[in-house]
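Only one structure is covered here, and it is reproduced in the block below.
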Amino acid sequence: MRIRGWRRGWQEHSKLERIDLYSRLTVASVPWLFTVSWQLAAFASDIHRSRLPLALGAALLLVSVGQCLLNNRNIRRSYAHYLGTRVFPRQRLLAPLVLMLLGLGLLATLAGVSGVENDGLLLMVMNAPVAFTITYVLLVPVRTFTIQSLVLAAGIAGLLGAAGEPGRMLVGAAVTTLFSCLVVALCVRPSAWSLSVMWQAEEARDIQARLAVAEERLRFGRDLHDVMGRNLAVIALKSELAVELAQRGRPEALDQMVEVQRIARASQQEVRDVVRGYREADLTTELAGAQAVLRAAGIDCAVTGRDGTGLAGPVQSALGWVVREAATNVLRHGDPRRCTIRLEVWADEVVLDVENDGAPATAPEESGSGLAGLRERLGALDGELDAGPAEHGLFRLSARIPLARTESTDTVPYAAAADVSRTTLLEERR
């Protein structure tokens, strides 16, 4: 499943790179298309068949080709600048700007010698700023680009006016210049914006994947702590007992080591289950296991109340982890002589209390990540976990899970079978 997910992510990334390349190649081809259709086509009928107009037209065509080449050279960097991955060096705009001004000068000279028809002149005016503005529109805000386009249109109109063109042609030149800049802005900036959104979505997807991996690592560490904590504590206790029995020459030492071997093998299987992500704690099994382990450690353990049968699976699993962690903490912290595990099921919630008469040497919150992991598990079910000193020198760990979310038909018999009111039992606990 992870391999398929990785392949799918790689394919999506490759698809995005292809879209990026296609967009940039399309934009890079636009000035070539306009040069061929607007600049080169003028030689067919618009430029007069005399030496000077043809020479000026040829020079203007070479300038347009140079502008296209510089645009192809700068378009990748301008896209990177817009996407925020790379800063565009402003000195790279100097050569395209000089070529655009040179082209406008040649165009005004061509108009001044009356070497081109009006229609052809307007087409060449429209083509003059295209290559430069394709790069430039990605480097400045839209408002700045609009203002500078108006200045450019006024400048071109003034230049042609100085060349002797009539007022009608000046208005046409200004309009065609603005139209050319508008077409560039409407074609290039939405394309770059779409790429920006797609790359941001891809980056968000990568971040989400990394967060999922981190969350899975935390889950694995939490589950491994919960699984191995109690078992390692039991192995340590039983091995110490086996050593003492062996030093005394007692044959029971062999039985204890056999039990250690059994627990170690069971721990191996549990670790495999955690790695596979399939393990779920069973409340009834955990209650019996905690009682047996604590009694083996010389602690008088009593399990009262319900046994967990009939509770929803998620509730049983969460409370099973609470029992496991509580037993681990009882073994590791303090020196208790008695421990009581009480499970009460009401119509609206289930409550699990674990009390012992040995206060921990250190606060549970500082001793590891066990209680934090339990709060995460209970929080998924809107449950709560409290741990701290109680009355009569006891230490109590209490877990509560509301049954509103996890209510099922299996839990109804508990409410129906309750023959003692909740108030009465709370008074007995006090």
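Ordering of the structure tokens sets the chain letters (A, B, ...), residue numbers begin anew at 1 in every chain, and ligands are numbered from 1 in the order given.
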task = Check the DSSP output for the backbone and give back, as a VMD selection string, the residues of stretch 25-99 of chain A in alpha helix (DSSP H).
result = chain A and resid 25 to 34 42 to 45 51 to 83 94 to 99
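Across the model, the gap from atom CA of A:Ile401 to atom CA of A:Leu378 is 7.0 Å.
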Give me, as a JSON list (two decimals) with all heavy atoms, in the first residue's frame, all polymer residues having an atom no more than 10 Å from A:Ala233, counting only C-alpha atoms and skipping those fewer than 6 positions away in the same chain.
[["chain", "number", "residue", "atom", "x", "y", "z"],
["A", 239, "SER", "N", 12.73, -12.64, 36.88],
["A", 239, "SER", "CA", 14.14, -13.04, 36.80],
["A", 239, "SER", "C", 14.84, -12.82, 38.15],
["A", 239, "SER", "O", 15.68, -13.63, 38.57],
["A", 239, "SER", "CB", 14.84, -12.26, 35.70],
["A", 239, "SER", "OG", 14.78, -10.87, 35.93],
["A", 293, "VAL", "N", -0.27, -10.26, 37.37],
["A", 293, "VAL", "CA", 1.07, -9.68, 37.43],
["A", 293, "VAL", "C", 1.32, -9.02, 38.78],
["A", 293, "VAL", "O", 2.37, -9.20, 39.39],
["A", 293, "VAL", "CB", 1.26, -8.67, 36.28],
["A", 293, "VAL", "CG1", 2.49, -7.82, 36.49],
["A", 293, "VAL", "CG2", 1.36, -9.42, 34.97],
["A", 297, "ALA", "N", 3.94, -9.98, 41.91],
["A", 297, "ALA", "CA", 4.93, -9.06, 42.47],
["A", 297, "ALA", "C", 4.71, -8.83, 43.96],
["A", 297, "ALA", "O", 5.37, -7.98, 44.55],
["A", 297, "ALA", "CB", 4.85, -7.72, 41.74],
["A", 327, "ALA", "N", -1.03, -0.74, 35.57],
["A", 327, "ALA", "CA", -0.29, -1.83, 36.20],
["A", 327, "ALA", "C", 1.21, -1.61, 36.07],
["A", 327, "ALA", "O", 1.98, -1.88, 37.01],
["A", 327, "ALA", "CB", -0.69, -3.16, 35.56],
["A", 328, "THR", "N", 1.63, -1.11, 34.93],
["A", 328, "THR", "CA", 3.06, -0.83, 34.74],
["A", 328, "THR", "C", 3.53, 0.23, 35.72],
["A", 328, "THR", "O", 4.60, 0.10, 36.33],
["A", 328, "THR", "CB", 3.31, -0.35, 33.30],
["A", 328, "THR", "OG1", 2.89, -1.38, 32.40],
["A", 328, "THR", "CG2", 4.78, -0.06, 33.07],
["A", 329, "ASN", "N", 2.75, 1.30, 35.90],
["A", 329, "ASN", "CA", 3.14, 2.36, 36.82],
["A", 329, "ASN", "C", 3.14, 1.88, 38.27],
["A", 329, "ASN", "O", 3.98, 2.30, 39.05],
["A", 329, "ASN", "CB", 2.20, 3.56, 36.67],
["A", 329, "ASN", "CG", 2.44, 4.31, 35.37],
["A", 329, "ASN", "OD1", 3.52, 4.22, 34.79],
["A", 329, "ASN", "ND2", 1.43, 5.04, 34.93],
["A", 331, "LEU", "N", 3.89, -1.09, 39.26],
["A", 331, "LEU", "CA", 5.11, -1.88, 39.43],
["A", 331, "LEU", "C", 6.36, -1.01, 39.46],
["A", 331, "LEU", "O", 7.30, -1.29, 40.20],
["A", 331, "LEU", "CB", 5.23, -2.90, 38.29],
["A", 331, "LEU", "CG", 4.22, -4.05, 38.29],
["A", 331, "LEU", "CD1", 4.34, -4.85, 37.00],
["A", 331, "LEU", "CD2", 4.45, -4.95, 39.49],
["A", 332, "ARG", "N", 6.39, 0.03, 38.66],
["A", 332, "ARG", "CA", 7.61, 0.82, 38.53],
["A", 332, "ARG", "C", 7.76, 1.91, 39.59],
["A", 332, "ARG", "O", 8.88, 2.26, 39.95],
["A", 332, "ARG", "CB", 7.63, 1.47, 37.14],
["A", 332, "ARG", "CG", 7.89, 0.50, 36.01],
["A", 332, "ARG", "CD", 7.97, 1.25, 34.71],
["A", 332, "ARG", "NE", 8.34, 0.37, 33.61],
["A", 332, "ARG", "CZ", 8.46, 0.76, 32.34],
["A", 332, "ARG", "NH1", 8.22, 2.02, 32.03],
["A", 332, "ARG", "NH2", 8.79, -0.09, 31.40]]
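Between atom CA of A:Leu195 and atom CA of A:Met100 there is a distance of 28.0 Å.
Backbone DSSP over stretch 218-339 of chain A yields strand (DSSP E or B) at Asp300, Cys301, Ala302, Val303, Thr304, Gly305, Arg338 and Cys339 of chain A.
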query = Restricting the calculation to only C-alpha atoms, which member of A:His225, A:Leu319, A:Leu352, A:Glu391 is positioned closest to A:Gly370?
reply =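 So, comparing all the options, the nearest one is A:His225.
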For the interface of stretch 51-81 of chain A with stretch 23-45 of chain A (cut-off 9 Å, counting only C-alpha atoms), please tabulate each contacting residue of stretch 51-81 of chain A alongside its nearest pair of atoms and their separation in Å to one decimal, rows sorted by chain and increasing number, as a tab-separated table.
residue	atom	partner	partner_atom	distance
A:Leu54	CA	A:Phe43	CA	7.9
A:Gly57	CA	A:Phe43	CA	7.6
A:Ala58	CA	A:Leu40	CA	8.8
A:Leu60	CA	A:Gln39	CA	8.2
A:Leu61	CA	A:Gln39	CA	6.4
A:Ser64	CA	A:Thr35	CA	6.5
A:Val65	CA	A:Thr35	CA	7.4
A:Gln67	CA	A:Pro31	CA	8.2
A:Cys68	CA	A:Pro31	CA	5.8
A:Leu69	CA	A:Trp32	CA	9.0
A:Asn71	CA	A:Ala28	CA	6.8
A:Asn72	CA	A:Ala28	CA	5.5
A:Ile75	CA	A:Ala28	CA	6.8
A:Arg76	CA	A:Arg24	CA	7.0
A:Tyr79	CA	A:Arg24	CA	7.9
ask   = Out of A:Val125, A:Leu139, A:Cys187, A:Ala380, which residue has the shortest atom-to-atom distance to A:Leu104 when counting only C-alpha atoms?
value = A:Val125
ask   = Hey, can you check how far atom CA of A:Ile341 sits from atom CA of A:Glu355?
value =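 Interatomic distance here is 6.6 Å.
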note = Shortest contact to A:Arg77, candidates A:Phe395, A:Tyr136, A:Phe220, A:Trp346, atoms counted only C-alpha atoms, goes to A:Tyr136
query = Which one is closest to A:Gly313: A:Gln247, A:Asn118, A:Thr284, A:Thr176? Count only C-alpha atoms.
reply = A:Thr284
message = Using only C-alpha atoms, can you tell me which of A:Leu224, A:Ile235, A:Ala154, A:Ala399 comes closest to A:Gly172?
response =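 Among the listed residues, the smallest separation from A:Gly172 belongs to A:Ala154.
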request  = Can you pull out every residue within 6 Å of stretch 155-158 of chain A, counting only C-alpha atoms, but drop anything in the same chain fewer than 4 positions away, and send it as JSON, numbers by chain?
outcome  = {"A": [170, 173, 174]}
ask   = For A:Ser78, which residue among A:Ala253, A:Leu93, A:Leu62, A:Leu287 is the nearest when counting only C-alpha atoms?
value =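 Smallest distance to A:Ser78 is found for A:Leu93.
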task = For A:Gly373, please output as a PyMOL selection string all residues within 10 Å (counting only C-alpha atoms; exclusion window: fewer than 3 positions along the same chain).
result = chain A and resi 218-219+221-223+225-226+321-322+325+368-370+376-379
Spatial neighbours of A:Ala111, 8 Å, only C-alpha atoms, chain gap at least 5 places, as a ChimeraX atom specification = /A:116,121,160,163-165
query = stretch 260-267 of chain A: which residues within 10 Å, counting only C-alpha atoms, same-chain residues fewer than 5 positions away excluded, as a ChimeraX atom specification?
reply = /A:227-228,230-232,234-239,242,254-255,272-273
